[in-house]
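Written below as structure tokens is the structure these notes are about.
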Amino acid sequence: MIRPCLADPKYGIGLRLCDAGRLAGWVDLTRDEYPRSSKYDPEWVLECDMGPHPLWLLEDLARDLDLQPGMRVLDLGSGKGATSVFLTKEYGVRVWAADLRVDPTEAAATFTRQGVEVTALKAEAHALPFAREFFDAILCIDAYEYFGTADSYLAYLISFLKPGGQLGIATPAMTTEIRDLGYTPDHIKKVVGWEAIAWHTADWWRFHWEITELVEVTSARLQESGWRDWLTWAQVSSERNGKPDASLEMLEADQGEYLTFALVAARKPG
């Protein structure tokens, strides 16, 4: 079955026709602000889909980091491997891709097809199988909200960082803390329920990390394009899969009032 697909220049999307739920024509997911990500086949990125465009998030976060060739980097919550491929190709780092839900053999197949050497493993975020002070950087794209909000987790995670090592996360965020609002907005609660209490502001993350004195927070910001990018991805994913993405209704109702991403970077004292 061939059907018309989305074409909305407002959000930088252009799809021709979809055939059996796949992209039969072209997708314009290029953005001037994400020149590195724009080099990657959008169909491949969509095949790795486990949430909002992971390469846009990573490329933006990386601007607040100092990633150098040869560094050992843990990609925590690496999903199907798109971010690990990107890190290896764009920054020349050595990547360990750890995820609980994705079979490492599936991720390893992605790495082989992309021609990169990445160590893939299954790991739970609270039981990481690495030596202490092994990594130069630990990055987490769109997963930290599931395990990293506990007061004690930062101390555990940075034990795997070398002195002077870097920590960076991109995580769904609210523009205003739910505690300050006193409620979860209905359009958000309808889709994610109580989980939205883990979607904190950038200021919340800065305080949460800085108060421990375990790291120096070098950057904590709300992504200006976060809601727009997230909506774009939900629309394209919906068209590709032939059914609405779970977050699409929530994002359309929000109109950028509450929803975005927080990008947070820190360095372990060294």
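By convention here, the chains of the structure tokens are called A, B, ... in the order presented, each chain's residues are numbered starting at 1, and ligands are numbered starting at 1 in the order presented.
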
Quick one: which range 73-159 of chain A residues come within 12 Å of range 40-43 of chain A, and what is the nearest atom pair for each with the distance in Å to one decimal, counting only C-alpha atoms, rows ordered by chain and ascending number, as JSON lines?
{"residue": "A:Ala82", "atom": "CA", "partner": "A:Tyr40", "partner_atom": "CA", "distance": 9.9}
{"residue": "A:Thr83", "atom": "CA", "partner": "A:Tyr40", "partner_atom": "CA", "distance": 11.4}
{"residue": "A:Val85", "atom": "CA", "partner": "A:Tyr40", "partner_atom": "CA", "distance": 10.4}
{"residue": "A:Phe86", "atom": "CA", "partner": "A:Tyr40", "partner_atom": "CA", "distance": 8.9}
{"residue": "A:Lys89", "atom": "CA", "partner": "A:Tyr40", "partner_atom": "CA", "distance": 10.8}
{"residue": "A:Glu90", "atom": "CA", "partner": "A:Tyr40", "partner_atom": "CA", "distance": 11.1}
{"residue": "A:Gln114", "atom": "CA", "partner": "A:Tyr40", "partner_atom": "CA", "distance": 10.8}

Distance query Pro35 in chain A at most 12 Å, only C-alpha atoms, self and fewer than 4 positions along chain excluded, as a PDB file with N, CA and C atoms, in the first residue's frame:
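Once everything was written out, this is selection_0.pdb:
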ATOM      1  N   LEU A  29      15.916  15.100   7.189  1.00  0.00           N
ATOM      2  CA  LEU A  29      16.145  15.277   8.618  1.00  0.00           C
ATOM      3  C   LEU A  29      17.464  16.013   8.846  1.00  0.00           C
ATOM      4  N   THR A  30      17.873  16.779   7.848  1.00  0.00           N
ATOM      5  CA  THR A  30      19.088  17.572   8.006  1.00  0.00           C
ATOM      6  C   THR A  30      18.754  18.878   8.708  1.00  0.00           C
ATOM      7  N   ARG A  31      19.658  19.297   9.550  1.00  0.00           N
ATOM      8  CA  ARG A  31      19.515  20.568  10.263  1.00  0.00           C
ATOM      9  C   ARG A  31      20.864  21.273  10.238  1.00  0.00           C
ATOM     10  N   LYS A  39      24.926  13.818   8.162  1.00  0.00           N
ATOM     11  CA  LYS A  39      25.651  12.929   7.250  1.00  0.00           C
ATOM     12  C   LYS A  39      25.099  11.508   7.275  1.00  0.00           C
ATOM     13  N   TYR A  40      24.252  11.187   8.255  1.00  0.00           N
ATOM     14  CA  TYR A  40      23.817   9.809   8.454  1.00  0.00           C
ATOM     15  C   TYR A  40      22.465   9.554   7.796  1.00  0.00           C
ATOM     16  N   LEU A  55      21.114  11.163  17.631  1.00  0.00           N
ATOM     17  CA  LEU A  55      22.310  11.842  17.141  1.00  0.00           C
ATOM     18  C   LEU A  55      22.211  13.354  17.328  1.00  0.00           C
ATOM     19  N   TRP A  56      21.003  13.911  17.167  1.00  0.00           N
ATOM     20  CA  TRP A  56      20.830  15.338  17.449  1.00  0.00           C
ATOM     21  C   TRP A  56      21.159  15.625  18.917  1.00  0.00           C
ATOM     22  N   GLU A  59      25.023  15.154  19.473  1.00  0.00           N
ATOM     23  CA  GLU A  59      25.832  16.201  18.850  1.00  0.00           C
ATOM     24  C   GLU A  59      25.736  17.507  19.631  1.00  0.00           C
ATOM     25  N   ASP A  60      24.543  17.835  20.107  1.00  0.00           N
ATOM     26  CA  ASP A  60      24.376  19.053  20.895  1.00  0.00           C
ATOM     27  C   ASP A  60      25.110  18.930  22.226  1.00  0.00           C
ATOM     28  N   GLU A  90      32.711  10.037  14.591  1.00  0.00           N
ATOM     29  CA  GLU A  90      32.850  11.495  14.617  1.00  0.00           C
ATOM     30  C   GLU A  90      33.949  11.994  15.531  1.00  0.00           C
TER      31      GLU A  90
END

Would you mind writing down, as an mmCIF file with all heavy atoms, in the first residue's frame, each residue of range 199-256 of chain A that DSSP on the backbone assigns to strand (DSSP E)?
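Saved result, out36.cif, follows:
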data_model
loop_
_atom_site.group_PDB
_atom_site.id
_atom_site.type_symbol
_atom_site.label_atom_id
_atom_site.label_comp_id
_atom_site.auth_asym_id
_atom_site.auth_seq_id
_atom_site.Cartn_x
_atom_site.Cartn_y
_atom_site.Cartn_z
ATOM 1 N N GLU A 216 32.395 18.779 39.134
ATOM 2 C CA GLU A 216 32.202 20.182 38.767
ATOM 3 C C GLU A 216 31.277 20.215 37.557
ATOM 4 O O GLU A 216 31.607 19.644 36.502
ATOM 5 C CB GLU A 216 33.524 20.841 38.401
ATOM 6 C CG GLU A 216 33.371 22.257 37.875
ATOM 7 C CD GLU A 216 34.619 22.791 37.203
ATOM 8 O OE1 GLU A 216 35.642 22.071 37.179
ATOM 9 O OE2 GLU A 216 34.558 23.919 36.684
ATOM 10 N N VAL A 217 30.117 20.814 37.692
ATOM 11 C CA VAL A 217 29.189 20.918 36.572
ATOM 12 C C VAL A 217 29.685 22.025 35.641
ATOM 13 O O VAL A 217 29.762 23.191 36.036
ATOM 14 C CB VAL A 217 27.752 21.198 37.051
ATOM 15 C CG1 VAL A 217 26.818 21.382 35.846
ATOM 16 C CG2 VAL A 217 27.258 20.056 37.930
ATOM 17 N N THR A 218 30.035 21.654 34.433
ATOM 18 C CA THR A 218 30.581 22.614 33.479
ATOM 19 C C THR A 218 29.501 23.228 32.586
ATOM 20 O O THR A 218 29.704 24.290 31.999
ATOM 21 C CB THR A 218 31.649 21.942 32.603
ATOM 22 O OG1 THR A 218 31.090 20.756 32.003
ATOM 23 C CG2 THR A 218 32.851 21.539 33.458
ATOM 24 N N SER A 219 28.357 22.550 32.489
ATOM 25 C CA SER A 219 27.254 23.083 31.700
ATOM 26 C C SER A 219 25.970 22.364 32.104
ATOM 27 O O SER A 219 25.966 21.151 32.308
ATOM 28 C CB SER A 219 27.497 22.875 30.198
ATOM 29 O OG SER A 219 26.413 23.362 29.426
ATOM 30 N N ALA A 220 24.880 23.119 32.214
ATOM 31 C CA ALA A 220 23.559 22.541 32.474
ATOM 32 C C ALA A 220 22.544 23.467 31.816
ATOM 33 O O ALA A 220 22.359 24.595 32.255
ATOM 34 C CB ALA A 220 23.297 22.414 33.967
ATOM 35 N N ARG A 221 21.912 22.996 30.762
ATOM 36 C CA ARG A 221 21.030 23.871 29.989
ATOM 37 C C ARG A 221 19.849 23.089 29.440
ATOM 38 O O ARG A 221 19.934 21.883 29.196
ATOM 39 C CB ARG A 221 21.790 24.529 28.832
ATOM 40 C CG ARG A 221 22.453 23.541 27.869
ATOM 41 C CD ARG A 221 23.355 24.260 26.869
ATOM 42 N NE ARG A 221 24.154 23.351 26.065
ATOM 43 C CZ ARG A 221 23.789 22.864 24.883
ATOM 44 N NH1 ARG A 221 22.625 23.231 24.351
ATOM 45 N NH2 ARG A 221 24.578 22.048 24.215
ATOM 46 N N LEU A 222 18.748 23.800 29.269
ATOM 47 C CA LEU A 222 17.614 23.249 28.553
ATOM 48 C C LEU A 222 17.858 23.445 27.060
ATOM 49 O O LEU A 222 18.275 24.530 26.627
ATOM 50 C CB LEU A 222 16.321 23.935 28.966
ATOM 51 C CG LEU A 222 15.813 23.667 30.388
ATOM 52 C CD1 LEU A 222 14.525 24.438 30.637
ATOM 53 C CD2 LEU A 222 15.585 22.176 30.623
#

Residues within 10 Å of range 115-123 of chain A, please, as JSON, numbers by chain. Count only C-alpha atoms; anything in the same chain fewer than 4 positions from it doesn't count. {"A": [74, 75, 76, 77, 78, 80, 81, 84, 85, 86, 87, 88, 89, 93, 94, 95, 96, 97, 98, 99, 100, 101, 102, 103, 104, 105, 106, 107, 108, 109, 110, 111, 127, 128, 129]}

Print the selection's residues with C-alpha atoms to a file, as an mmCIF file, in the first residue's frame.
data_model
loop_
_atom_site.group_PDB
_atom_site.id
_atom_site.type_symbol
_atom_site.label_atom_id
_atom_site.label_comp_id
_atom_site.auth_asym_id
_atom_site.auth_seq_id
_atom_site.Cartn_x
_atom_site.Cartn_y
_atom_site.Cartn_z
ATOM 1 C CA LEU A 74 31.077 4.368 28.089
ATOM 2 C CA ASP A 75 27.840 4.796 26.118
ATOM 3 C CA LEU A 76 25.419 3.939 28.913
ATOM 4 C CA GLY A 77 21.932 2.959 27.769
ATOM 5 C CA SER A 78 23.246 2.671 24.215
ATOM 6 C CA LYS A 80 20.564 -0.319 19.259
ATOM 7 C CA GLY A 81 23.895 1.421 18.874
ATOM 8 C CA SER A 84 28.044 4.420 19.742
ATOM 9 C CA VAL A 85 28.564 4.451 15.976
ATOM 10 C CA PHE A 86 28.388 8.252 15.980
ATOM 11 C CA LEU A 87 30.902 8.599 18.810
ATOM 12 C CA THR A 88 33.362 6.281 17.105
ATOM 13 C CA LYS A 89 33.125 7.840 13.664
ATOM 14 C CA VAL A 93 36.947 7.528 20.679
ATOM 15 C CA ARG A 94 36.926 3.896 21.853
ATOM 16 C CA VAL A 95 33.386 2.981 22.888
ATOM 17 C CA TRP A 96 31.887 0.427 25.239
ATOM 18 C CA ALA A 97 28.143 0.194 24.519
ATOM 19 C CA ALA A 98 26.148 -0.984 27.544
ATOM 20 C CA ASP A 99 22.412 -1.571 27.538
ATOM 21 C CA LEU A 100 20.030 -3.734 29.558
ATOM 22 C CA ARG A 101 17.177 -4.172 27.084
ATOM 23 C CA VAL A 102 18.985 -4.678 23.757
ATOM 24 C CA ASP A 103 20.749 -7.968 23.067
ATOM 25 C CA PRO A 104 24.456 -7.156 22.597
ATOM 26 C CA THR A 105 24.584 -9.448 19.560
ATOM 27 C CA GLU A 106 22.025 -7.182 17.871
ATOM 28 C CA ALA A 107 24.084 -4.097 18.692
ATOM 29 C CA ALA A 108 27.275 -5.840 17.583
ATOM 30 C CA ALA A 109 25.682 -6.570 14.199
ATOM 31 C CA THR A 110 24.973 -2.850 13.832
ATOM 32 C CA PHE A 111 28.598 -2.026 14.590
ATOM 33 C CA ALA A 127 25.910 -3.327 38.392
ATOM 34 C CA LEU A 128 28.420 -2.190 35.792
ATOM 35 C CA PRO A 129 31.152 -4.754 35.014
#

Query raised in the report: Mind checking DSSP for range 2-228 of chain A and telling me the alpha helix (DSSP H) residues as a ChimeraX atom specification?
Result: /A:42-47,54-62,82-91,104-114,153-158,178-181,186-192,202-210,226-228

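Ranking A:Phe160, A:Asp49, A:Ser152, A:His126 by their shortest atom-to-atom distance to Val73 in chain A, with only C-alpha atoms included, puts A:Phe160 first.
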
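Using only C-alpha atoms for every distance, the candidate list A:Gln235, A:Gln223, A:Thr201, A:Gln166 yields A:Thr201 as the residue closest to Ile178 in chain A.
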
task: Excluding Glu133 in chain A and residues on its chain fewer than 3 positions from it, collect all residues at most 8 Å away from it, counting only C-alpha atoms, and give them as a ChimeraX atom specification.
output: /A:158-163

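The closest residue to Phe207 in chain A, picked from A:Val264, A:Ala131, A:Cys48, A:Leu58 and counting only C-alpha atoms, is A:Val264.
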
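Checking A:Ala173, A:Leu181, A:Ala202, A:Ala265 one by one against Ala137 in chain A, counting only C-alpha atoms, you find the shortest gap at A:Ala265.
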
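Take the candidates A:Ala262, A:Ala125, A:Ile211, A:Met174 and check each one against Tyr156 in chain A using only C-alpha atoms; the shortest distance goes to A:Ala125.
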
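Using only C-alpha atoms, the contacts of Gly92 in chain A at a cut-off of 9 Å, with sequence neighbours closer than 6 positions omitted, comprise Leu67, Gln68, Pro69, Gly70 and Met71 of chain A.
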
Taking all heavy atoms for each residue, export the selection above as a CSV table (one decimal), in the first residue's frame.
chain,number,residue,atom,x,y,z
A,67,LEU,N,35.8,15.8,23.8
A,67,LEU,CA,36.1,14.4,23.4
A,67,LEU,C,37.2,14.3,22.4
A,67,LEU,O,37.2,15.0,21.4
A,67,LEU,CB,34.8,13.8,22.7
A,67,LEU,CG,33.6,13.7,23.6
A,67,LEU,CD1,32.4,13.2,22.7
A,67,LEU,CD2,33.8,12.9,24.8
A,68,GLN,N,38.3,13.5,22.7
A,68,GLN,CA,39.5,13.5,22.0
A,68,GLN,C,39.7,12.0,21.5
A,68,GLN,O,39.3,11.1,22.1
A,68,GLN,CB,40.7,13.9,22.8
A,68,GLN,CG,40.6,15.3,23.3
A,68,GLN,CD,40.7,16.3,22.1
A,68,GLN,OE1,41.3,16.1,21.1
A,68,GLN,NE2,40.0,17.5,22.3
A,69,PRO,N,40.3,11.9,20.3
A,69,PRO,CA,40.6,10.5,19.7
A,69,PRO,C,41.3,9.7,20.7
A,69,PRO,O,42.2,10.1,21.4
A,69,PRO,CB,41.4,10.8,18.5
A,69,PRO,CG,41.0,12.2,18.1
A,69,PRO,CD,40.8,13.0,19.4
A,70,GLY,N,40.9,8.4,20.8
A,70,GLY,CA,41.5,7.4,21.7
A,70,GLY,C,41.0,7.3,23.1
A,70,GLY,O,41.3,6.4,23.8
A,71,MET,N,40.1,8.3,23.5
A,71,MET,CA,39.5,8.2,24.8
A,71,MET,C,38.7,7.0,24.9
A,71,MET,O,38.0,6.5,24.0
A,71,MET,CB,38.6,9.5,25.0
A,71,MET,CG,39.3,10.7,25.4
A,71,MET,SD,38.1,12.0,25.7
A,71,MET,CE,39.2,13.3,26.4

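The gap separating CA of Val192 in chain A from CA of Pro244 in chain A is 15.2 Å, in Å to one decimal.
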